[in-house]
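**Q** model_35.txt is the file, holding compact mmCIF, C-alpha atoms and all ligand atoms:
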# COMPACT_ATOMS: atom_id res chain seq x y z
CA MET A 1 -33.18 104.04 77.83
CA GLN A 2 -30.88 102.24 80.26
CA LEU A 3 -27.56 101.69 78.55
CA ARG A 4 -25.96 98.40 79.34
CA HIS A 5 -22.42 99.74 79.22
CA GLN A 6 -22.87 102.26 81.98
CA GLY A 7 -21.10 101.46 85.21
CA ALA A 8 -20.34 97.84 84.33
CA ASP A 9 -16.86 96.34 84.29
CA PRO A 10 -15.55 96.12 80.74
CA ALA A 11 -14.82 92.87 78.91
CA LEU A 12 -12.33 94.65 76.68
CA THR A 13 -10.62 98.03 76.85
CA LEU A 14 -8.38 99.83 74.42
CA THR A 15 -6.42 102.69 75.90
CA ASP A 16 -4.63 105.30 73.81
CA ILE A 17 -3.71 102.94 70.97
CA HIS A 18 -1.24 104.24 68.40
CA PHE A 19 -0.23 102.15 65.41
CA SER A 20 1.81 103.24 62.43
CA VAL A 21 3.56 101.59 59.53
CA GLY A 22 6.66 103.59 58.62
CA ALA A 23 5.55 107.20 58.45
CA ALA A 24 1.89 106.28 57.94
CA ARG A 25 -0.22 106.69 61.04
CA ILE A 26 -2.93 104.07 60.86
CA LEU A 27 -4.43 104.42 64.36
CA THR A 28 -4.07 107.46 66.60
CA ALA A 29 -5.03 107.68 70.30
CA VAL A 30 -7.83 105.13 70.05
CA THR A 31 -9.59 104.62 73.38
CA LEU A 32 -12.67 102.38 73.54
CA ASP A 33 -14.31 99.94 75.90
CA LEU A 34 -16.64 97.02 75.48
CA THR A 35 -18.99 96.08 78.29
CA ARG A 36 -20.17 92.55 78.99
CA GLY A 37 -23.30 91.80 77.04
CA GLU A 38 -22.72 94.69 74.69
CA THR A 39 -22.54 94.82 70.90
CA LEU A 40 -20.25 97.63 69.79
CA CYS A 41 -20.31 98.39 66.07
CA VAL A 42 -17.26 100.03 64.52
CA ILE A 43 -18.04 101.99 61.40
CA GLY A 44 -16.08 104.39 59.22
CA PRO A 45 -15.18 105.11 55.62
CA ASN A 46 -12.93 102.73 53.66
CA GLY A 47 -9.38 102.79 54.95
CA ALA A 48 -10.41 104.36 58.29
CA GLY A 49 -8.50 101.69 60.22
CA LYS A 50 -11.31 99.34 61.25
CA THR A 51 -9.62 96.09 60.29
CA THR A 52 -6.35 97.32 61.77
CA LEU A 53 -8.18 97.99 65.02
CA MET A 54 -9.49 94.41 64.99
CA ASN A 55 -5.93 93.23 64.33
CA VAL A 56 -4.70 95.14 67.38
CA ILE A 57 -7.42 93.51 69.49
CA THR A 58 -6.63 90.01 68.25
CA GLY A 59 -2.86 90.47 68.33
CA THR A 60 -2.19 90.21 64.61
CA VAL A 61 -0.40 93.53 64.95
CA THR A 62 1.16 95.14 68.01
CA PRO A 63 0.59 98.84 68.62
CA GLN A 64 3.62 101.06 69.22
CA GLN A 65 1.78 102.70 72.08
CA GLY A 66 -1.27 101.97 74.21
CA ARG A 67 -2.81 99.05 76.07
CA VAL A 68 -5.37 96.34 75.37
CA HIS A 69 -7.05 94.64 78.33
CA LEU A 70 -9.25 91.54 78.14
CA ASN A 71 -11.22 90.78 81.29
CA GLY A 72 -8.80 93.00 83.17
CA VAL A 73 -5.69 91.21 81.87
CA ASP A 74 -3.17 93.22 79.86
CA ILE A 75 -2.96 91.37 76.55
CA THR A 76 -1.21 94.09 74.52
CA ARG A 77 1.75 91.85 73.73
CA MET A 78 0.08 88.48 74.09
CA ALA A 79 0.24 86.14 71.06
CA SER A 80 -3.02 85.70 69.13
CA HIS A 81 -3.42 82.01 69.93
CA LEU A 82 -3.12 82.73 73.65
CA ARG A 83 -5.85 85.37 73.38
CA THR A 84 -8.27 82.69 72.21
CA ARG A 85 -7.50 80.85 75.43
CA HIS A 86 -8.47 83.96 77.33
CA GLY A 87 -11.89 84.02 75.69
CA MET A 88 -11.55 85.79 72.35
CA ALA A 89 -12.70 84.64 68.92
CA ARG A 90 -12.75 86.38 65.57
CA THR A 91 -14.07 86.07 62.09
CA PHE A 92 -12.34 87.73 59.19
CA GLN A 93 -13.38 90.26 56.56
CA THR A 94 -12.49 87.53 54.09
CA SER A 95 -13.63 84.15 55.31
CA TYR A 96 -10.80 82.03 56.69
CA LEU A 97 -11.77 78.37 56.88
CA PHE A 98 -10.31 75.03 55.76
CA ASP A 99 -12.23 74.56 52.51
CA LYS A 100 -11.30 70.93 52.00
CA LEU A 101 -12.28 69.83 55.50
CA THR A 102 -15.86 69.11 56.43
CA VAL A 103 -17.99 71.65 58.24
CA LEU A 104 -17.86 69.45 61.34
CA ASP A 105 -14.07 69.12 61.26
CA ASN A 106 -13.62 72.88 61.01
CA VAL A 107 -15.74 73.34 64.11
CA VAL A 108 -14.00 70.49 65.97
CA LEU A 109 -10.65 72.16 65.24
CA ALA A 110 -11.96 75.39 66.73
CA ALA A 111 -13.06 73.51 69.86
CA ARG A 112 -9.61 71.97 70.14
CA GLY A 113 -7.72 75.16 69.26
CA SER A 114 -9.35 77.17 72.02
CA GLY A 115 -7.65 74.94 74.59
CA ARG A 116 -10.52 75.64 76.96
CA GLY A 117 -12.08 72.17 77.02
CA PRO A 118 -10.90 68.78 78.38
CA ARG A 119 -7.91 66.95 76.84
CA GLY A 120 -7.22 63.39 75.62
CA ARG A 121 -9.47 60.84 73.91
CA LYS A 122 -12.49 61.79 75.97
CA ALA A 123 -11.91 65.35 74.83
CA GLY A 124 -12.18 64.21 71.19
CA VAL A 125 -15.64 62.81 71.90
CA SER A 126 -16.82 65.89 73.76
CA GLU A 127 -15.35 68.20 71.13
CA ALA A 128 -17.31 66.39 68.42
CA ALA A 129 -20.45 66.56 70.56
CA ALA A 130 -19.93 70.26 71.22
CA ALA A 131 -19.32 70.84 67.51
CA HIS A 132 -22.57 69.02 66.62
CA ASP A 133 -24.43 71.11 69.17
CA ALA A 134 -23.03 74.34 67.80
CA LEU A 135 -23.86 73.35 64.22
CA GLY A 136 -27.41 72.60 65.32
CA HIS A 137 -27.56 76.01 66.93
CA VAL A 138 -26.64 77.80 63.72
CA GLY A 139 -28.87 75.56 61.60
CA LEU A 140 -26.07 73.75 59.82
CA ALA A 141 -26.47 70.22 61.21
CA PRO A 142 -27.59 68.90 57.80
CA ARG A 143 -24.37 70.25 56.28
CA ALA A 144 -22.00 68.76 58.88
CA GLN A 145 -20.31 66.29 56.51
CA ARG A 146 -20.02 68.69 53.54
CA PRO A 147 -16.66 70.23 52.68
CA VAL A 148 -16.68 73.89 53.72
CA GLY A 149 -15.65 74.83 50.17
CA ALA A 150 -19.12 73.81 48.98
CA LEU A 151 -20.94 76.30 51.23
CA SER A 152 -22.39 79.71 50.41
CA HIS A 153 -20.93 82.87 52.00
CA GLY A 154 -23.83 83.00 54.45
CA GLU A 155 -23.27 79.41 55.49
CA ARG A 156 -19.56 80.04 55.94
CA ARG A 157 -20.37 82.85 58.34
CA LYS A 158 -22.59 80.47 60.26
CA VAL A 159 -19.69 78.00 60.48
CA GLU A 160 -17.57 80.80 61.93
CA ILE A 161 -20.21 81.60 64.51
CA ALA A 162 -20.42 77.90 65.40
CA MET A 163 -16.63 77.96 65.81
CA ALA A 164 -16.87 80.91 68.15
CA LEU A 165 -19.58 79.10 70.12
CA VAL A 166 -17.53 75.93 70.65
CA SER A 167 -14.42 77.89 71.52
CA GLY A 168 -16.35 79.29 74.49
CA ALA A 169 -15.38 82.82 73.49
CA GLU A 170 -16.84 85.62 75.58
CA VAL A 171 -15.60 88.33 73.23
CA LEU A 172 -16.37 87.81 69.58
CA LEU A 173 -14.88 90.02 66.85
CA LEU A 174 -16.68 90.16 63.54
CA ASP A 175 -15.13 92.01 60.60
CA GLU A 176 -17.87 92.67 58.05
CA PRO A 177 -19.81 89.46 58.68
CA MET A 178 -22.32 90.35 55.95
CA ALA A 179 -19.66 90.77 53.24
CA GLY A 180 -20.56 88.61 50.27
CA VAL A 181 -23.64 87.23 52.03
CA SER A 182 -26.75 87.18 49.86
CA ALA A 183 -29.61 89.42 50.98
CA GLU A 184 -31.88 86.55 51.94
CA ASP A 185 -29.27 85.14 54.35
CA VAL A 186 -28.77 88.45 56.19
CA PRO A 187 -31.74 88.24 58.61
CA ASP A 188 -30.68 84.74 59.71
CA LEU A 189 -27.16 85.90 60.44
CA VAL A 190 -28.38 88.99 62.27
CA ALA A 191 -30.54 86.73 64.46
CA LEU A 192 -27.58 84.44 65.19
CA ILE A 193 -25.38 87.37 66.16
CA LYS A 194 -28.13 88.68 68.45
CA ASN A 195 -28.43 85.25 70.03
CA TYR A 196 -24.73 85.16 70.69
CA VAL A 197 -24.83 88.16 73.00
CA ALA A 198 -28.16 87.12 74.50
CA ALA A 199 -26.22 84.42 76.31
CA GLN A 200 -24.67 85.41 79.57
CA ASP A 201 -21.78 87.86 79.55
CA ARG A 202 -20.89 87.57 75.90
CA SER A 203 -19.90 90.68 73.95
CA ILE A 204 -19.24 91.53 70.32
CA VAL A 205 -17.16 94.04 68.42
CA LEU A 206 -18.53 94.22 64.91
CA VAL A 207 -17.19 96.08 61.88
CA GLU A 208 -20.04 96.65 59.48
CA HIS A 209 -20.80 98.80 56.46
CA HIS A 210 -24.51 97.98 56.17
CA MET A 211 -26.25 100.60 58.30
CA ASP A 212 -29.46 98.58 58.61
CA VAL A 213 -27.44 95.79 60.22
CA VAL A 214 -25.61 98.28 62.45
CA LEU A 215 -28.87 99.81 63.62
CA GLU A 216 -30.36 96.43 64.35
CA LEU A 217 -27.40 95.08 66.34
CA ALA A 218 -25.52 97.94 67.94
CA ASP A 219 -25.88 98.99 71.57
CA ARG A 220 -23.24 101.58 70.78
CA VAL A 221 -21.49 102.70 67.63
CA ALA A 222 -17.88 103.90 67.36
CA VAL A 223 -16.95 105.90 64.28
CA LEU A 224 -13.37 105.69 63.05
CA HIS A 225 -12.07 108.29 60.64
CA HIS A 226 -8.43 108.53 59.50
CA GLY A 227 -7.50 106.19 62.35
CA GLU A 228 -9.12 108.27 65.09
CA VAL A 229 -12.31 107.79 67.06
CA LEU A 230 -14.55 110.54 65.75
CA ALA A 231 -17.58 109.67 67.88
CA VAL A 232 -18.92 106.98 70.20
CA GLY A 233 -22.52 106.72 71.33
CA THR A 234 -25.89 105.18 70.74
CA PRO A 235 -26.77 104.71 67.08
CA ASP A 236 -29.09 107.73 67.27
CA GLU A 237 -26.44 109.96 68.84
CA VAL A 238 -23.85 108.97 66.28
CA MET A 239 -26.13 109.39 63.28
CA ALA A 240 -27.06 112.87 64.48
CA ASN A 241 -23.42 113.89 64.96
CA GLU A 242 -22.42 116.58 62.47
CA GLN A 243 -18.76 115.57 62.36
CA VAL A 244 -19.82 112.05 61.47
CA GLN A 245 -22.06 113.29 58.70
CA THR A 246 -19.20 115.40 57.32
CA ALA A 247 -16.76 112.47 57.47
CA TYR A 248 -19.15 110.41 55.41
CA MET A 249 -19.84 113.19 52.91
CA GLY A 250 -20.15 111.66 49.49
CA GLU A 251 -20.34 108.18 50.96
CA GLU A 252 -23.28 106.10 51.93
CA LEU A 253 -24.02 106.28 55.66
N1 LIG A 301 0.44 96.64 57.05
C1 LIG A 301 0.13 97.81 56.49
N2 LIG A 301 1.06 98.52 55.85
C2 LIG A 301 0.76 99.72 55.30
N3 LIG A 301 -0.45 100.28 55.35
C3 LIG A 301 -1.41 99.61 55.96
C4 LIG A 301 -1.19 98.35 56.57
N4 LIG A 301 -2.36 97.92 57.10
C5 LIG A 301 -3.24 98.87 56.83
N5 LIG A 301 -2.70 99.88 56.15
C6 LIG A 301 -3.37 101.12 55.72
O1 LIG A 301 -4.05 101.60 56.87
C7 LIG A 301 -5.30 102.16 56.51
C8 LIG A 301 -6.39 101.46 57.27
O2 LIG A 301 -6.58 100.16 56.74
P1 LIG A 301 -7.70 99.18 57.27
O3 LIG A 301 -7.64 97.95 56.45
O4 LIG A 301 -7.56 99.03 58.74
O5 LIG A 301 -9.03 100.01 56.95
P2 LIG A 301 -10.55 99.58 57.04
O6 LIG A 301 -11.24 100.65 57.81
O7 LIG A 301 -10.69 98.18 57.53
O8 LIG A 301 -11.00 99.67 55.51
P3 LIG A 301 -12.13 98.84 54.70
O9 LIG A 301 -13.44 99.54 55.00
O10 LIG A 301 -11.74 99.03 53.28
O11 LIG A 301 -12.10 97.41 55.15
C9 LIG A 301 -5.40 102.05 55.02
O12 LIG A 301 -4.99 103.27 54.47
C10 LIG A 301 -4.43 100.94 54.68
O13 LIG A 301 -3.93 101.10 53.38
MG MG A 302 -11.51 96.45 56.76
Show how you would write the structure in this file as C-alpha cells.
**A**
Amino acid sequence: MQLRHQGADPALTLTDIHFSVGAARILTAVTLDLTRGETLCVIGPNGAGKTTLMNVITGTVTPQQGRVHLNGVDITRMASHLRTRHGMARTFQTSYLFDKLTVLDNVVLAARGSGRGPRGRKAGVSEAAAAHDALGHVGLAPRAQRPVGALSHGERRKVEIAMALVSGAEVLLLDEPMAGVSAEDVPDLVALIKNYVAAQDRSIVLVEHHMDVVLELADRVAVLHHGEVLAVGTPDEVMANEQVQTAYMGEEL
C-alpha cells in the first residue's frame, strides 16, 4: 500500500514536545507529523495525554520545550485565535457551542471568527451563504433556525464540522467526536469526517476510543502512553505491536 504521508511536506509537525504541570510530566518528547490529506488517529488509555496534546496543538497550553509548526510556520507560542487564521479548527471532547443561538448563527460566527473571508456588510451576506452551504453539506439545513441546545449529540458534532468547513480550516482537530453520539448517528459522522479529508489538502488529527472508528478513518495511528509516543504506524502495524498490547492490558483496545 502506498502511504500518503511518505515524502510529502507536513501540514503539522510536533517536535520534541515536553509539557508538565508542577512535578507531573504530562507529555514527554512527543514528536509527530501530519501530512496533507492524512487522518492521524491518536489513541491511548485514559489519562495518556491525548487531550493535552490537542491543547498543545491548538495553543490552549504552551509546552515548556519543543516546537509546533503549521504549514511550516512556527506556532508554538501563537495565540489560539491566531492559529485559526492560519488554517486550524478544533472540536472539543465536550461539545462547545452557543446553545441559545441558532444552528445557523453558530456557523456564521465560526465563519466570521476565522478571519479568512471578506469583511464588511458584504461579508455578512457571504458568511450567511457559506454557513447555509456548510449546513447543507452536513445535512443540517432543515435545522438551521433551531437553537443548538435542542440538538442531539450527533447533530452537535455535525454543527462543529460545518463550523470547521466555513472557517476554511485545512487542519481539523477532533477530540473524541463520537463521545455521547448515539450508535445510529456514528456512520453518518464517520462519512462526514472522511469527506472532510477527501477535499484537497485537508488533514485531521483525531482522538478516538472506538477502535472501529479508528480503523475506518485512520491512515496512521499514534499511540500515547503516560505522555509518550509508544508507537506510530498503520492501524495494522500498531495493533500488532506488542508494547501497545501490553499498554492496553486490561483495557479495551
Ligand atoms: N492542567 C492540568 N493540571 C494537572 N494535571 C493535568 C492537567 N491537564 C491534564 N492533567 C493530567 O495529565 C494527564 C493527561 O490528561 P489528558 O486529559 O490529556 O488525558 P487523555 O488522554 O485525554 O485522557 P481521556 O482518555 O480520559 O480523555 C492526566 O493524568 C491528567 O490528570
Ligand atoms: Mg481526553
**Q** Which polymer residues have any atom within 12 Å of an atom of segment 145-158 of chain A, counting all atoms listed in the file, with same-chain residues fewer than 5 positions away left out, as JSON, numbers by chain?
**A** {"A": [90, 91, 92, 93, 94, 95, 96, 97, 98, 99, 100, 101, 102, 103, 104, 105, 106, 107, 131, 132, 134, 135, 136, 137, 138, 139, 140, 163, 164, 165, 174, 175, 176, 177, 178, 179, 180, 181, 182, 183, 184, 185, 186, 187, 188, 189, 190, 191, 192, 193, 196]}
**Q** Might you pull out every residue within 12 Å of Val21 of chain A, with all atoms listed in the file counted and same-chain residues fewer than 4 positions away left off, and present them as a ChimeraX atom specification?
**A** /A:25-28,52,61-64
**Q** Which polymer residues have any atom within 12 Å of an atom of Gly113 of chain A, counting only C-alpha atoms, with same-chain residues fewer than 2 positions away left out, as number ranges by chain?
**A** A: 80-89, 105-111, 115-119, 124, 127, 163-164, 166-169
**Q** Name the closest residue to ligand MG 302 (chain A) among the candidates A:Asn46, A:Thr31, A:Thr39, A:Thr13; distances are taken between atoms, counting all atoms listed in the file.
**A**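 Smallest separation from ligand MG 302 (chain A) among the options: A:Asn46.
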**Q** Given all atoms listed in the file as the basis, pick out the residue of A:Ile161, A:Ala24, A:Val207, A:Ile17 nearest to ligand MG 302 (chain A).
**A**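 Checking each candidate against ligand MG 302 (chain A), we get A:Val207 as the closest.
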**Q** Figure out the distance between atom CA of Asn195 of chain A and atom CA of Met239 of chain A, please, to one decimal in Å.
**A** 25.2 Å
**Q** At what distance in Å, to one decimal, does atom CA of Gly72 of chain A lie from atom CA of Val232 of chain A?
**A**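 Computing it gives 21.6 Å between the two atoms.
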**Q** Using only C-alpha atoms and all ligand atoms, which of A:Ala23, A:Ala231, A:Ala48, A:Ala128 sits nearest ligand MG 302 (chain A)?
**A**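 Closest candidate: A:Ala48.
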**Q** One number please: atom CA of Arg202 of chain A to atom CA of Gly44 of chain A, in Å, one decimal.
**A**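 Value for the atom CA of Arg202 of chain A-atom CA of Gly44 of chain A distance: 24.2 Å.
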**Q** Kindly add N, CA and C atoms to the incomplete segment 134-161 of chain A and provide the output as a compact mmCIF listing (two decimals), in the coordinates of the input.
**A**
# COMPACT_ATOMS: atom_id res chain seq x y z
N ALA A 134 -23.19 72.99 68.34
CA ALA A 134 -23.03 74.34 67.80
C ALA A 134 -23.58 74.41 66.38
N LEU A 135 -23.35 73.36 65.60
CA LEU A 135 -23.86 73.35 64.22
C LEU A 135 -25.38 73.32 64.22
N GLY A 136 -25.95 72.60 65.17
CA GLY A 136 -27.41 72.60 65.32
C GLY A 136 -27.90 74.00 65.63
N HIS A 137 -27.17 74.66 66.50
CA HIS A 137 -27.56 76.01 66.93
C HIS A 137 -27.60 76.99 65.76
N VAL A 138 -26.66 76.87 64.85
CA VAL A 138 -26.64 77.80 63.72
C VAL A 138 -27.39 77.25 62.49
N GLY A 139 -28.04 76.11 62.67
CA GLY A 139 -28.87 75.56 61.60
C GLY A 139 -28.09 74.86 60.51
N LEU A 140 -26.89 74.39 60.85
CA LEU A 140 -26.07 73.75 59.82
C LEU A 140 -25.87 72.24 60.05
N ALA A 141 -26.63 71.66 60.96
CA ALA A 141 -26.47 70.22 61.21
C ALA A 141 -26.57 69.39 59.93
N PRO A 142 -27.50 69.71 59.02
CA PRO A 142 -27.59 68.90 57.80
C PRO A 142 -26.37 69.02 56.89
N ARG A 143 -25.55 70.03 57.12
CA ARG A 143 -24.37 70.25 56.28
C ARG A 143 -23.08 69.74 56.93
N ALA A 144 -23.18 69.10 58.07
CA ALA A 144 -22.00 68.76 58.88
C ALA A 144 -20.91 68.02 58.10
N GLN A 145 -21.30 67.13 57.21
CA GLN A 145 -20.31 66.29 56.51
C GLN A 145 -19.89 66.86 55.16
N ARG A 146 -20.40 68.03 54.80
CA ARG A 146 -20.02 68.69 53.54
C ARG A 146 -18.66 69.34 53.68
N PRO A 147 -17.87 69.40 52.60
CA PRO A 147 -16.66 70.23 52.68
C PRO A 147 -17.07 71.70 52.77
N VAL A 148 -16.35 72.47 53.55
CA VAL A 148 -16.68 73.89 53.72
C VAL A 148 -16.66 74.63 52.39
N GLY A 149 -15.77 74.19 51.48
CA GLY A 149 -15.65 74.83 50.17
C GLY A 149 -16.94 74.81 49.36
N ALA A 150 -17.86 73.92 49.73
CA ALA A 150 -19.12 73.81 48.98
C ALA A 150 -20.21 74.73 49.53
N LEU A 151 -19.90 75.48 50.58
CA LEU A 151 -20.94 76.30 51.23
C LEU A 151 -21.05 77.69 50.61
N SER A 152 -22.21 78.31 50.80
CA SER A 152 -22.39 79.71 50.41
C SER A 152 -21.69 80.62 51.43
N HIS A 153 -21.55 81.91 51.06
CA HIS A 153 -20.93 82.87 52.00
C HIS A 153 -21.68 82.91 53.33
N GLY A 154 -23.01 82.92 53.23
CA GLY A 154 -23.83 83.00 54.45
C GLY A 154 -23.59 81.80 55.34
N GLU A 155 -23.52 80.63 54.71
CA GLU A 155 -23.27 79.41 55.49
C GLU A 155 -21.88 79.41 56.11
N ARG A 156 -20.92 79.95 55.38
CA ARG A 156 -19.56 80.04 55.94
C ARG A 156 -19.54 80.90 57.19
N ARG A 157 -20.29 81.99 57.16
CA ARG A 157 -20.37 82.85 58.34
C ARG A 157 -20.98 82.08 59.51
N LYS A 158 -21.96 81.26 59.19
CA LYS A 158 -22.59 80.47 60.26
C LYS A 158 -21.59 79.48 60.84
N VAL A 159 -20.74 78.91 59.98
CA VAL A 159 -19.69 78.00 60.48
C VAL A 159 -18.79 78.77 61.45
N GLU A 160 -18.45 80.00 61.07
CA GLU A 160 -17.57 80.80 61.93
C GLU A 160 -18.22 81.11 63.27
N ILE A 161 -19.51 81.34 63.24
CA ILE A 161 -20.21 81.60 64.51
C ILE A 161 -20.25 80.32 65.34
